[in-house]
$ cat my_file24.cif   # mmCIF, N, CA and C atoms
data_entry
loop_
_atom_site.label_atom_id
_atom_site.label_comp_id
_atom_site.auth_asym_id
_atom_site.auth_seq_id
_atom_site.Cartn_x
_atom_site.Cartn_y
_atom_site.Cartn_z
N MET Y 899 36.16 14.53 -42.28
CA MET Y 899 34.84 14.02 -42.03
C MET Y 899 34.89 12.85 -41.03
N LYS Y 900 35.87 11.95 -41.24
CA LYS Y 900 36.00 10.81 -40.34
C LYS Y 900 36.33 11.29 -38.93
N LYS Y 901 37.18 12.31 -38.82
CA LYS Y 901 37.56 12.82 -37.51
C LYS Y 901 36.33 13.37 -36.79
N GLN Y 902 35.48 14.08 -37.51
CA GLN Y 902 34.27 14.63 -36.90
C GLN Y 902 33.34 13.52 -36.45
N PHE Y 903 33.21 12.49 -37.26
CA PHE Y 903 32.36 11.35 -36.91
C PHE Y 903 32.85 10.71 -35.61
N TYR Y 904 34.17 10.45 -35.53
CA TYR Y 904 34.73 9.83 -34.33
C TYR Y 904 34.59 10.73 -33.11
N LEU Y 905 34.75 12.04 -33.31
CA LEU Y 905 34.60 12.99 -32.22
C LEU Y 905 33.16 12.99 -31.71
N ILE Y 906 32.21 12.99 -32.62
CA ILE Y 906 30.79 12.95 -32.22
C ILE Y 906 30.47 11.66 -31.50
N MET Y 907 30.95 10.54 -32.01
CA MET Y 907 30.71 9.24 -31.37
C MET Y 907 31.34 9.20 -29.96
N MET Y 908 32.52 9.76 -29.82
CA MET Y 908 33.17 9.78 -28.52
C MET Y 908 32.38 10.64 -27.54
N LEU Y 909 31.93 11.80 -27.96
CA LEU Y 909 31.14 12.67 -27.09
C LEU Y 909 29.82 12.01 -26.69
N LEU Y 910 29.16 11.35 -27.62
CA LEU Y 910 27.92 10.63 -27.31
C LEU Y 910 28.17 9.52 -26.30
N SER Y 911 29.28 8.82 -26.48
CA SER Y 911 29.62 7.73 -25.57
C SER Y 911 29.89 8.26 -24.16
N ILE Y 912 30.63 9.35 -24.06
CA ILE Y 912 30.91 9.95 -22.76
C ILE Y 912 29.62 10.42 -22.11
N GLY Y 913 28.78 11.08 -22.87
CA GLY Y 913 27.49 11.56 -22.34
C GLY Y 913 26.62 10.42 -21.86
N HIS Y 914 26.60 9.32 -22.60
CA HIS Y 914 25.80 8.17 -22.20
C HIS Y 914 26.33 7.54 -20.92
N SER Y 915 27.65 7.42 -20.80
CA SER Y 915 28.21 6.80 -19.60
C SER Y 915 27.97 7.68 -18.37
N CYS Y 916 28.03 8.99 -18.52
CA CYS Y 916 27.74 9.88 -17.39
C CYS Y 916 26.28 9.76 -16.98
N LYS Y 917 25.41 9.67 -17.95
CA LYS Y 917 23.98 9.57 -17.67
C LYS Y 917 23.67 8.28 -16.94
N SER Y 918 24.26 7.15 -17.39
CA SER Y 918 23.95 5.90 -16.71
C SER Y 918 24.58 5.84 -15.33
N THR Y 919 25.72 6.46 -15.12
CA THR Y 919 26.30 6.51 -13.78
C THR Y 919 25.40 7.30 -12.85
N ASN Y 920 24.90 8.44 -13.30
CA ASN Y 920 23.98 9.23 -12.48
C ASN Y 920 22.72 8.45 -12.17
N SER Y 921 22.20 7.75 -13.15
CA SER Y 921 20.99 6.95 -12.97
C SER Y 921 21.22 5.85 -11.94
N GLU Y 922 22.37 5.19 -12.00
CA GLU Y 922 22.70 4.14 -11.03
C GLU Y 922 22.84 4.71 -9.63
N GLU Y 923 23.48 5.89 -9.53
CA GLU Y 923 23.63 6.53 -8.22
C GLU Y 923 22.27 6.89 -7.63
N VAL Y 924 21.35 7.35 -8.47
CA VAL Y 924 20.00 7.70 -8.01
C VAL Y 924 19.30 6.45 -7.48
N LYS Y 925 19.43 5.33 -8.20
CA LYS Y 925 18.81 4.08 -7.74
C LYS Y 925 19.40 3.63 -6.41
N ILE Y 926 20.72 3.67 -6.31
CA ILE Y 926 21.37 3.23 -5.08
C ILE Y 926 20.97 4.14 -3.92
N ASP Y 927 20.92 5.44 -4.16
CA ASP Y 927 20.48 6.37 -3.11
C ASP Y 927 19.05 6.07 -2.69
N LYS Y 928 18.19 5.74 -3.64
CA LYS Y 928 16.79 5.39 -3.34
C LYS Y 928 16.74 4.13 -2.48
N TRP Y 929 17.53 3.12 -2.83
CA TRP Y 929 17.54 1.88 -2.06
C TRP Y 929 18.10 2.10 -0.66
N LYS Y 930 19.13 2.93 -0.54
CA LYS Y 930 19.67 3.25 0.78
C LYS Y 930 18.59 3.91 1.63
N GLN Y 931 17.84 4.82 1.02
CA GLN Y 931 16.77 5.49 1.76
C GLN Y 931 15.70 4.50 2.20
N GLU Y 932 15.41 3.50 1.36
CA GLU Y 932 14.45 2.47 1.75
C GLU Y 932 14.93 1.73 3.00
N ILE Y 933 16.22 1.46 3.09
CA ILE Y 933 16.76 0.78 4.27
C ILE Y 933 16.72 1.73 5.47
N VAL Y 934 17.04 3.00 5.27
CA VAL Y 934 16.91 4.00 6.35
C VAL Y 934 15.48 3.98 6.88
N ASP Y 935 14.52 3.98 5.97
CA ASP Y 935 13.10 3.97 6.36
C ASP Y 935 12.73 2.69 7.09
N ALA Y 936 13.24 1.54 6.60
CA ALA Y 936 12.95 0.26 7.26
C ALA Y 936 13.56 0.24 8.67
N GLU Y 937 14.78 0.73 8.82
CA GLU Y 937 15.42 0.81 10.14
C GLU Y 937 14.59 1.67 11.09
N ALA Y 938 14.15 2.84 10.61
CA ALA Y 938 13.38 3.76 11.45
C ALA Y 938 12.04 3.14 11.85
N ALA Y 939 11.36 2.50 10.91
CA ALA Y 939 10.06 1.87 11.21
C ALA Y 939 10.25 0.70 12.18
N PHE Y 940 11.30 -0.07 12.00
CA PHE Y 940 11.63 -1.20 12.88
C PHE Y 940 11.86 -0.69 14.31
N ALA Y 941 12.69 0.34 14.46
CA ALA Y 941 12.98 0.90 15.79
C ALA Y 941 11.72 1.50 16.42
N LYS Y 942 10.92 2.17 15.62
CA LYS Y 942 9.68 2.76 16.13
C LYS Y 942 8.72 1.68 16.63
N MET Y 943 8.59 0.60 15.85
CA MET Y 943 7.71 -0.49 16.25
C MET Y 943 8.22 -1.14 17.54
N ALA Y 944 9.53 -1.33 17.65
CA ALA Y 944 10.09 -1.92 18.87
C ALA Y 944 9.78 -1.04 20.09
N ASN Y 945 9.86 0.26 19.91
CA ASN Y 945 9.59 1.20 20.99
C ASN Y 945 8.11 1.25 21.34
N GLU Y 946 7.24 1.23 20.34
CA GLU Y 946 5.81 1.38 20.58
C GLU Y 946 5.10 0.07 20.93
N TYR Y 947 5.50 -1.03 20.32
CA TYR Y 947 4.76 -2.29 20.46
C TYR Y 947 5.57 -3.42 21.07
N GLY Y 948 6.85 -3.18 21.33
CA GLY Y 948 7.68 -4.20 21.93
C GLY Y 948 8.60 -4.87 20.93
N MET Y 949 9.68 -5.40 21.47
CA MET Y 949 10.70 -6.03 20.63
C MET Y 949 10.18 -7.26 19.91
N ASN Y 950 9.33 -8.05 20.56
CA ASN Y 950 8.83 -9.27 19.96
C ASN Y 950 8.08 -8.97 18.65
N LYS Y 951 7.15 -8.04 18.70
CA LYS Y 951 6.38 -7.71 17.49
C LYS Y 951 7.27 -7.12 16.41
N ALA Y 952 8.19 -6.27 16.81
CA ALA Y 952 9.06 -5.63 15.82
C ALA Y 952 9.97 -6.65 15.14
N PHE Y 953 10.60 -7.51 15.93
CA PHE Y 953 11.48 -8.51 15.32
C PHE Y 953 10.69 -9.50 14.47
N ALA Y 954 9.48 -9.83 14.90
CA ALA Y 954 8.62 -10.72 14.09
C ALA Y 954 8.27 -10.07 12.76
N ALA Y 955 8.02 -8.76 12.77
CA ALA Y 955 7.62 -8.07 11.56
C ALA Y 955 8.76 -7.85 10.58
N TYR Y 956 9.99 -7.66 11.08
CA TYR Y 956 11.10 -7.29 10.21
C TYR Y 956 12.10 -8.41 9.94
N ALA Y 957 11.87 -9.60 10.51
CA ALA Y 957 12.75 -10.74 10.24
C ALA Y 957 12.29 -11.46 8.98
N ALA Y 958 13.23 -11.74 8.09
CA ALA Y 958 12.93 -12.60 6.95
C ALA Y 958 12.73 -14.02 7.48
N ASN Y 959 12.09 -14.86 6.71
CA ASN Y 959 11.85 -16.24 7.16
C ASN Y 959 13.14 -16.97 7.52
N ASP Y 960 14.23 -16.65 6.81
CA ASP Y 960 15.51 -17.32 7.05
C ASP Y 960 16.48 -16.45 7.85
N ALA Y 961 15.96 -15.49 8.60
CA ALA Y 961 16.81 -14.58 9.37
C ALA Y 961 17.57 -15.31 10.46
N VAL Y 962 18.69 -14.70 10.86
CA VAL Y 962 19.54 -15.24 11.91
C VAL Y 962 19.89 -14.11 12.87
N LEU Y 963 19.76 -14.40 14.16
CA LEU Y 963 20.23 -13.48 15.20
C LEU Y 963 21.44 -14.09 15.87
N MET Y 964 22.36 -13.26 16.26
CA MET Y 964 23.45 -13.71 17.10
C MET Y 964 23.36 -12.91 18.39
N ARG Y 965 23.12 -13.60 19.48
CA ARG Y 965 23.03 -12.96 20.80
C ARG Y 965 24.02 -13.66 21.71
N GLY Y 966 25.04 -12.90 22.12
CA GLY Y 966 26.12 -13.52 22.88
C GLY Y 966 26.83 -14.51 21.98
N ASN Y 967 26.93 -15.73 22.44
CA ASN Y 967 27.52 -16.80 21.62
C ASN Y 967 26.44 -17.71 21.07
N GLN Y 968 25.20 -17.25 21.06
CA GLN Y 968 24.08 -18.07 20.62
C GLN Y 968 23.60 -17.62 19.24
N ILE Y 969 23.35 -18.58 18.36
CA ILE Y 969 22.78 -18.33 17.04
C ILE Y 969 21.31 -18.75 17.10
N ILE Y 970 20.43 -17.85 16.71
CA ILE Y 970 19.00 -18.15 16.64
C ILE Y 970 18.63 -18.08 15.17
N SER Y 971 18.27 -19.22 14.59
CA SER Y 971 18.03 -19.31 13.15
C SER Y 971 16.55 -19.44 12.83
N GLY Y 972 16.09 -18.61 11.92
CA GLY Y 972 14.73 -18.68 11.42
C GLY Y 972 13.79 -17.74 12.16
N ARG Y 973 12.83 -17.22 11.44
CA ARG Y 973 11.89 -16.25 11.99
C ARG Y 973 11.14 -16.80 13.20
N GLU Y 974 10.67 -18.03 13.11
CA GLU Y 974 9.91 -18.62 14.23
C GLU Y 974 10.76 -18.72 15.49
N ALA Y 975 12.02 -19.13 15.36
CA ALA Y 975 12.91 -19.22 16.51
C ALA Y 975 13.20 -17.82 17.08
N ILE Y 976 13.29 -16.84 16.22
CA ILE Y 976 13.51 -15.46 16.67
C ILE Y 976 12.31 -14.96 17.46
N VAL Y 977 11.11 -15.23 16.95
CA VAL Y 977 9.88 -14.82 17.65
C VAL Y 977 9.84 -15.48 19.03
N GLU Y 978 10.16 -16.77 19.09
CA GLU Y 978 10.16 -17.48 20.37
C GLU Y 978 11.20 -16.88 21.32
N PHE Y 979 12.40 -16.61 20.81
CA PHE Y 979 13.45 -16.02 21.63
C PHE Y 979 13.03 -14.65 22.16
N MET Y 980 12.34 -13.88 21.36
CA MET Y 980 11.96 -12.51 21.72
C MET Y 980 10.73 -12.44 22.64
N GLN Y 981 10.06 -13.53 22.89
CA GLN Y 981 8.83 -13.50 23.68
C GLN Y 981 9.02 -12.87 25.05
N ASN Y 982 10.13 -13.06 25.67
CA ASN Y 982 10.35 -12.54 27.02
C ASN Y 982 11.17 -11.25 27.01
N GLN Y 983 11.27 -10.60 25.88
CA GLN Y 983 12.10 -9.41 25.77
C GLN Y 983 11.33 -8.10 25.87
N ASP Y 984 10.00 -8.16 25.94
CA ASP Y 984 9.22 -6.93 25.86
C ASP Y 984 9.35 -6.03 27.09
N SER Y 985 9.87 -6.53 28.19
CA SER Y 985 10.10 -5.66 29.35
C SER Y 985 11.40 -4.88 29.19
N LYS Y 986 12.09 -5.14 28.11
CA LYS Y 986 13.37 -4.50 27.85
C LYS Y 986 13.21 -3.44 26.77
N GLU Y 987 14.06 -2.44 26.80
CA GLU Y 987 14.00 -1.37 25.82
C GLU Y 987 15.25 -1.41 24.93
N LEU Y 988 15.02 -1.24 23.65
CA LEU Y 988 16.11 -1.25 22.69
C LEU Y 988 15.96 -0.03 21.79
N ALA Y 989 17.02 0.74 21.68
CA ALA Y 989 17.02 1.90 20.79
C ALA Y 989 18.28 1.83 19.94
N TRP Y 990 18.17 2.19 18.68
CA TRP Y 990 19.32 2.17 17.80
C TRP Y 990 19.10 3.11 16.63
N LYS Y 991 20.19 3.47 16.03
CA LYS Y 991 20.15 4.31 14.84
C LYS Y 991 21.37 3.99 13.99
N PRO Y 992 21.16 3.69 12.72
CA PRO Y 992 22.32 3.38 11.87
C PRO Y 992 23.19 4.61 11.63
N GLU Y 993 24.48 4.38 11.66
CA GLU Y 993 25.46 5.41 11.33
C GLU Y 993 25.85 5.32 9.87
N TYR Y 994 25.72 4.12 9.30
CA TYR Y 994 26.14 3.90 7.92
C TYR Y 994 25.24 2.85 7.28
N ILE Y 995 24.90 3.08 6.04
CA ILE Y 995 24.10 2.13 5.27
C ILE Y 995 24.69 2.05 3.87
N ASP Y 996 24.77 0.83 3.35
CA ASP Y 996 25.18 0.65 1.96
C ASP Y 996 24.30 -0.43 1.35
N VAL Y 997 24.26 -0.45 0.04
CA VAL Y 997 23.41 -1.40 -0.67
C VAL Y 997 24.15 -1.89 -1.91
N SER Y 998 23.85 -3.12 -2.31
CA SER Y 998 24.50 -3.69 -3.48
C SER Y 998 24.04 -2.96 -4.75
N ASN Y 999 24.85 -3.05 -5.80
CA ASN Y 999 24.48 -2.43 -7.07
C ASN Y 999 23.22 -3.02 -7.67
N SER Y 1000 22.89 -4.26 -7.29
CA SER Y 1000 21.68 -4.90 -7.81
C SER Y 1000 20.44 -4.53 -6.99
N GLY Y 1001 20.65 -3.93 -5.83
CA GLY Y 1001 19.52 -3.47 -5.02
C GLY Y 1001 18.79 -4.56 -4.26
N ASP Y 1002 19.43 -5.71 -4.07
CA ASP Y 1002 18.74 -6.80 -3.36
C ASP Y 1002 19.31 -7.08 -1.97
N LEU Y 1003 20.52 -6.58 -1.68
CA LEU Y 1003 21.13 -6.75 -0.36
C LEU Y 1003 21.69 -5.41 0.11
N GLY Y 1004 21.61 -5.20 1.41
CA GLY Y 1004 22.18 -4.00 1.99
C GLY Y 1004 22.61 -4.30 3.41
N TYR Y 1005 23.34 -3.38 3.99
CA TYR Y 1005 23.72 -3.55 5.39
C TYR Y 1005 23.76 -2.20 6.08
N SER Y 1006 23.63 -2.28 7.39
CA SER Y 1006 23.70 -1.07 8.21
C SER Y 1006 24.47 -1.39 9.47
N TYR Y 1007 25.05 -0.35 10.05
CA TYR Y 1007 25.66 -0.51 11.37
C TYR Y 1007 25.59 0.82 12.10
N GLY Y 1008 25.70 0.72 13.41
CA GLY Y 1008 25.62 1.90 14.24
C GLY Y 1008 25.66 1.51 15.70
N TYR Y 1009 25.11 2.38 16.54
CA TYR Y 1009 25.14 2.16 17.98
C TYR Y 1009 23.74 1.86 18.51
N TYR Y 1010 23.69 1.03 19.54
CA TYR Y 1010 22.42 0.72 20.19
C TYR Y 1010 22.54 0.93 21.70
N THR Y 1011 21.39 1.09 22.32
CA THR Y 1011 21.28 1.12 23.77
C THR Y 1011 20.21 0.13 24.16
N PHE Y 1012 20.54 -0.77 25.05
CA PHE Y 1012 19.64 -1.82 25.52
C PHE Y 1012 19.46 -1.62 27.02
N ALA Y 1013 18.22 -1.45 27.47
CA ALA Y 1013 17.96 -1.22 28.89
C ALA Y 1013 16.97 -2.27 29.40
N TYR Y 1014 17.20 -2.73 30.62
CA TYR Y 1014 16.32 -3.73 31.21
C TYR Y 1014 16.42 -3.65 32.73
N PRO Y 1015 15.37 -4.10 33.41
CA PRO Y 1015 15.43 -4.13 34.88
C PRO Y 1015 16.17 -5.39 35.35
N ASP Y 1016 17.10 -5.22 36.29
CA ASP Y 1016 17.76 -6.41 36.84
C ASP Y 1016 16.85 -7.06 37.88
N SER Y 1017 17.33 -8.08 38.57
CA SER Y 1017 16.49 -8.82 39.51
C SER Y 1017 15.97 -7.97 40.66
N SER Y 1018 16.66 -6.87 40.97
CA SER Y 1018 16.19 -5.99 42.04
C SER Y 1018 15.29 -4.86 41.52
N GLY Y 1019 15.11 -4.83 40.20
CA GLY Y 1019 14.28 -3.79 39.61
C GLY Y 1019 15.04 -2.56 39.18
N THR Y 1020 16.34 -2.57 39.40
CA THR Y 1020 17.18 -1.44 38.99
C THR Y 1020 17.41 -1.52 37.48
N SER Y 1021 17.30 -0.38 36.83
CA SER Y 1021 17.49 -0.34 35.39
C SER Y 1021 18.97 -0.47 35.04
N VAL Y 1022 19.27 -1.39 34.15
CA VAL Y 1022 20.62 -1.61 33.67
C VAL Y 1022 20.65 -1.19 32.21
N GLU Y 1023 21.69 -0.45 31.82
CA GLU Y 1023 21.80 0.01 30.44
C GLU Y 1023 23.09 -0.53 29.83
N VAL Y 1024 22.95 -1.13 28.66
CA VAL Y 1024 24.09 -1.66 27.93
C VAL Y 1024 24.16 -0.95 26.59
N LYS Y 1025 25.35 -0.50 26.23
CA LYS Y 1025 25.53 0.15 24.93
C LYS Y 1025 26.48 -0.69 24.09
N GLY Y 1026 26.26 -0.67 22.79
CA GLY Y 1026 27.12 -1.44 21.92
C GLY Y 1026 26.95 -1.05 20.46
N VAL Y 1027 27.49 -1.89 19.61
CA VAL Y 1027 27.47 -1.67 18.17
C VAL Y 1027 26.63 -2.78 17.54
N PHE Y 1028 25.79 -2.41 16.58
CA PHE Y 1028 25.01 -3.41 15.86
C PHE Y 1028 25.42 -3.45 14.40
N HIS Y 1029 25.13 -4.55 13.77
CA HIS Y 1029 25.34 -4.73 12.33
C HIS Y 1029 24.17 -5.54 11.81
N THR Y 1030 23.48 -5.02 10.84
CA THR Y 1030 22.31 -5.71 10.28
C THR Y 1030 22.48 -5.88 8.78
N VAL Y 1031 22.16 -7.05 8.27
CA VAL Y 1031 22.14 -7.30 6.84
C VAL Y 1031 20.68 -7.37 6.41
N TRP Y 1032 20.35 -6.60 5.40
CA TRP Y 1032 18.98 -6.50 4.88
C TRP Y 1032 18.89 -7.15 3.51
N LYS Y 1033 17.74 -7.79 3.26
CA LYS Y 1033 17.51 -8.42 1.96
C LYS Y 1033 16.13 -7.98 1.46
N ARG Y 1034 16.12 -7.55 0.19
CA ARG Y 1034 14.84 -7.16 -0.41
C ARG Y 1034 14.01 -8.43 -0.64
N GLN Y 1035 12.77 -8.38 -0.21
CA GLN Y 1035 11.87 -9.52 -0.35
C GLN Y 1035 11.14 -9.45 -1.70
N GLN Y 1036 10.46 -10.51 -2.06
CA GLN Y 1036 9.76 -10.55 -3.35
C GLN Y 1036 8.72 -9.45 -3.47
N ASP Y 1037 8.15 -9.01 -2.35
CA ASP Y 1037 7.15 -7.94 -2.40
C ASP Y 1037 7.79 -6.55 -2.45
N GLY Y 1038 9.13 -6.49 -2.46
CA GLY Y 1038 9.84 -5.22 -2.55
C GLY Y 1038 10.25 -4.65 -1.21
N ASN Y 1039 9.71 -5.18 -0.13
CA ASN Y 1039 10.06 -4.69 1.21
C ASN Y 1039 11.41 -5.26 1.65
N TRP Y 1040 12.05 -4.55 2.58
CA TRP Y 1040 13.32 -4.98 3.14
C TRP Y 1040 13.06 -5.67 4.47
N LYS Y 1041 13.71 -6.83 4.66
CA LYS Y 1041 13.67 -7.54 5.95
C LYS Y 1041 15.10 -7.92 6.30
N PHE Y 1042 15.36 -8.05 7.59
CA PHE Y 1042 16.72 -8.39 7.97
C PHE Y 1042 16.94 -9.90 7.86
N VAL Y 1043 18.15 -10.29 7.48
CA VAL Y 1043 18.54 -11.69 7.43
C VAL Y 1043 19.66 -11.99 8.42
N TRP Y 1044 20.26 -10.94 8.98
CA TRP Y 1044 21.32 -11.09 9.99
C TRP Y 1044 21.26 -9.89 10.91
N ASP Y 1045 21.26 -10.19 12.21
CA ASP Y 1045 21.28 -9.10 13.18
C ASP Y 1045 22.11 -9.56 14.38
#
$ encode --input "my_file24.cif" --output "structure tokens"
Amino acid sequence: MKKQFYLIMMLLSIGHSCKSTNSEEVKIDKWKQEIVDAEAAFAKMANEYGMNKAFAAYAANDAVLMRGNQIISGREAIVEFMQNQDSKELAWKPEYIDVSNSGDLGYSYGYYTFAYPDSSGTSVEVKGVFHTVWKRQQDGNWKFVWD
């Protein structure tokens, strides 16, 4: 009788741990998809309305940009920095996204293409790698804190 009791308890425990692992994976997959969606909406806004509006909309208040060797700290400074960027085109797509088990931080990376007219009006294209850190805001939306 004791052996049967222990066997039943062990099977219930295994079943419960499998169920909670699946549940956690579903949550993490959902959060990753939220970041995929935020990345796509961010890129679409940059393409349709300009980089300034897109970066203003998707930067957290305490966001930081690194451009070259320059650090631009805070949403307001980012908006100011981006004011003269609307004549430039930026396209990107994440190759990889991950999110914390708590669902409050995530990151993405991939390739970007940046195009702009030089002083003679000739289009210059620069390609590179981006890395973005995303933070879930109090309203549940994702905003970047590092780009």
$ resolve_selection --input "my_file24.cif" --expression "the PyMOL selection byres (((chain Y and resi 952 and name CA) around 10) and name CA)" --output "list in words"
Ala939, Phe940, Ala941, Lys942, Met943, Ala944, Asn945, Glu946, Tyr947, Gly948, Met949, Asn950, Lys951, Phe953, Ala954, Ala955, Tyr956, Ala957, Val977 and Met980 of chain Y
$ closest_residue --input "my_file24.cif" --among "Y:Phe979, Y:Trp990, Y:Trp1032, Y:Trp1044" --to "Ile933 (chain Y)" --atoms "only N, CA and C atoms"
Y:Trp1032
$ select_by_dssp --input "my_file24.cif" --residues "chain Y" --states "alpha helix (DSSP H)" --output "MDAnalysis selection string"
chainID Y and resid 900:947 949:956 973:980
$ select_by_dssp --input "my_file24.cif" --residues "chain Y" --states "strand (DSSP E or B)" --output "MDAnalysis selection string"
chainID Y and resid 957:965 968:971 987:997 1003:1015 1021:1034 1040:1044
$ atom_distance --input "my_file24.cif" --atom1 "atom C of Ala975 (chain Y)" --atom2 "atom N of Val1043 (chain Y)"
13.2 Å
$ atom_distance --input "my_file24.cif" --atom1 "atom C of Lys928 (chain Y)" --atom2 "atom N of Val962 (chain Y)"
23.2 Å
$ closest_residue --input "my_file24.cif" --among "Y:Lys1025, Y:Asp1037, Y:Ala938, Y:Leu963" --to "Lys991 (chain Y)" --atoms "only N, CA and C atoms"
Y:Ala938
$ closest_residue --input "my_file24.cif" --among "Y:Met964, Y:Val997, Y:Ile969, Y:Ile976" --to "Lys930 (chain Y)" --atoms "all atoms listed in the file"
Y:Val997
$ resolve_selection --input "my_file24.cif" --expression "the PyMOL selection byres (((chain Y and resi 992 and name CA) around 6) and name CA)" --output "PyMOL selection string"
chain Y and resi 991+993-994+1006-1008
$ atom_distance --input "my_file24.cif" --atom1 "CA of Leu988 (chain Y)" --atom2 "CA of Val1022 (chain Y)"
11.9 Å
$ residues_near_point --input "my_file24.cif" --point "(21.1, -1.7, 23.3)" --cutoff "8 Å" --atoms "only C-alpha atoms" --output "PDB file with N, CA and C atoms, keeping the file's coordinate frame"
ATOM      1  N   GLU Y 987      14.060  -2.440  26.800  1.00  0.00           N
ATOM      2  CA  GLU Y 987      14.000  -1.370  25.820  1.00  0.00           C
ATOM      3  C   GLU Y 987      15.250  -1.410  24.930  1.00  0.00           C
ATOM      4  N   LEU Y 988      15.020  -1.240  23.650  1.00  0.00           N
ATOM      5  CA  LEU Y 988      16.110  -1.250  22.690  1.00  0.00           C
ATOM      6  C   LEU Y 988      15.960  -0.030  21.790  1.00  0.00           C
ATOM      7  N   ALA Y 989      17.020   0.740  21.680  1.00  0.00           N
ATOM      8  CA  ALA Y 989      17.020   1.900  20.790  1.00  0.00           C
ATOM      9  C   ALA Y 989      18.280   1.830  19.940  1.00  0.00           C
ATOM     10  N   TRP Y 990      18.170   2.190  18.680  1.00  0.00           N
ATOM     11  CA  TRP Y 990      19.320   2.170  17.800  1.00  0.00           C
ATOM     12  C   TRP Y 990      19.100   3.110  16.630  1.00  0.00           C
ATOM     13  N   TYR Y1009      25.110   2.380  16.540  1.00  0.00           N
ATOM     14  CA  TYR Y1009      25.140   2.160  17.980  1.00  0.00           C
ATOM     15  C   TYR Y1009      23.740   1.860  18.510  1.00  0.00           C
ATOM     16  N   TYR Y1010      23.690   1.030  19.540  1.00  0.00           N
ATOM     17  CA  TYR Y1010      22.420   0.720  20.190  1.00  0.00           C
ATOM     18  C   TYR Y1010      22.540   0.930  21.700  1.00  0.00           C
ATOM     19  N   THR Y1011      21.390   1.090  22.320  1.00  0.00           N
ATOM     20  CA  THR Y1011      21.280   1.120  23.770  1.00  0.00           C
ATOM     21  C   THR Y1011      20.210   0.130  24.160  1.00  0.00           C
ATOM     22  N   PHE Y1012      20.540  -0.770  25.050  1.00  0.00           N
ATOM     23  CA  PHE Y1012      19.640  -1.820  25.520  1.00  0.00           C
ATOM     24  C   PHE Y1012      19.460  -1.620  27.020  1.00  0.00           C
ATOM     25  N   ALA Y1013      18.220  -1.450  27.470  1.00  0.00           N
ATOM     26  CA  ALA Y1013      17.960  -1.220  28.890  1.00  0.00           C
ATOM     27  C   ALA Y1013      16.970  -2.270  29.400  1.00  0.00           C
ATOM     28  N   GLU Y1023      21.690  -0.450  31.820  1.00  0.00           N
ATOM     29  CA  GLU Y1023      21.800   0.010  30.440  1.00  0.00           C
ATOM     30  C   GLU Y1023      23.090  -0.530  29.830  1.00  0.00           C
ATOM     31  N   VAL Y1024      22.950  -1.130  28.660  1.00  0.00           N
ATOM     32  CA  VAL Y1024      24.090  -1.660  27.930  1.00  0.00           C
ATOM     33  C   VAL Y1024      24.160  -0.950  26.590  1.00  0.00           C
ATOM     34  N   LYS Y1025      25.350  -0.500  26.230  1.00  0.00           N
ATOM     35  CA  LYS Y1025      25.530   0.150  24.930  1.00  0.00           C
ATOM     36  C   LYS Y1025      26.480  -0.690  24.090  1.00  0.00           C
ATOM     37  N   GLY Y1026      26.260  -0.670  22.790  1.00  0.00           N
ATOM     38  CA  GLY Y1026      27.120  -1.440  21.920  1.00  0.00           C
ATOM     39  C   GLY Y1026      26.950  -1.050  20.460  1.00  0.00           C
TER      40      GLY Y1026
END
$ closest_residue --input "my_file24.cif" --among "Y:Asp1045, Y:Ile926, Y:Gly1004, Y:Ser998" --to "His1029 (chain Y)" --atoms "all atoms listed in the file"
Y:Asp1045
$ closest_residue --input "my_file24.cif" --among "Y:Asp960, Y:Glu932, Y:Glu923, Y:Glu978" --to "Phe1042 (chain Y)" --atoms "only C-alpha atoms"
Y:Asp960
$ axis_aligned_box --input "my_file24.cif" --around "region 1005-1016 of chain Y" --padding-each-side "6 Å" --output "AutoDock Vina command-line options"
--center_x 20.5 --center_y -2.3 --center_z 20.9 --size_x 22.3 --size_y 21.4 --size_z 45.9
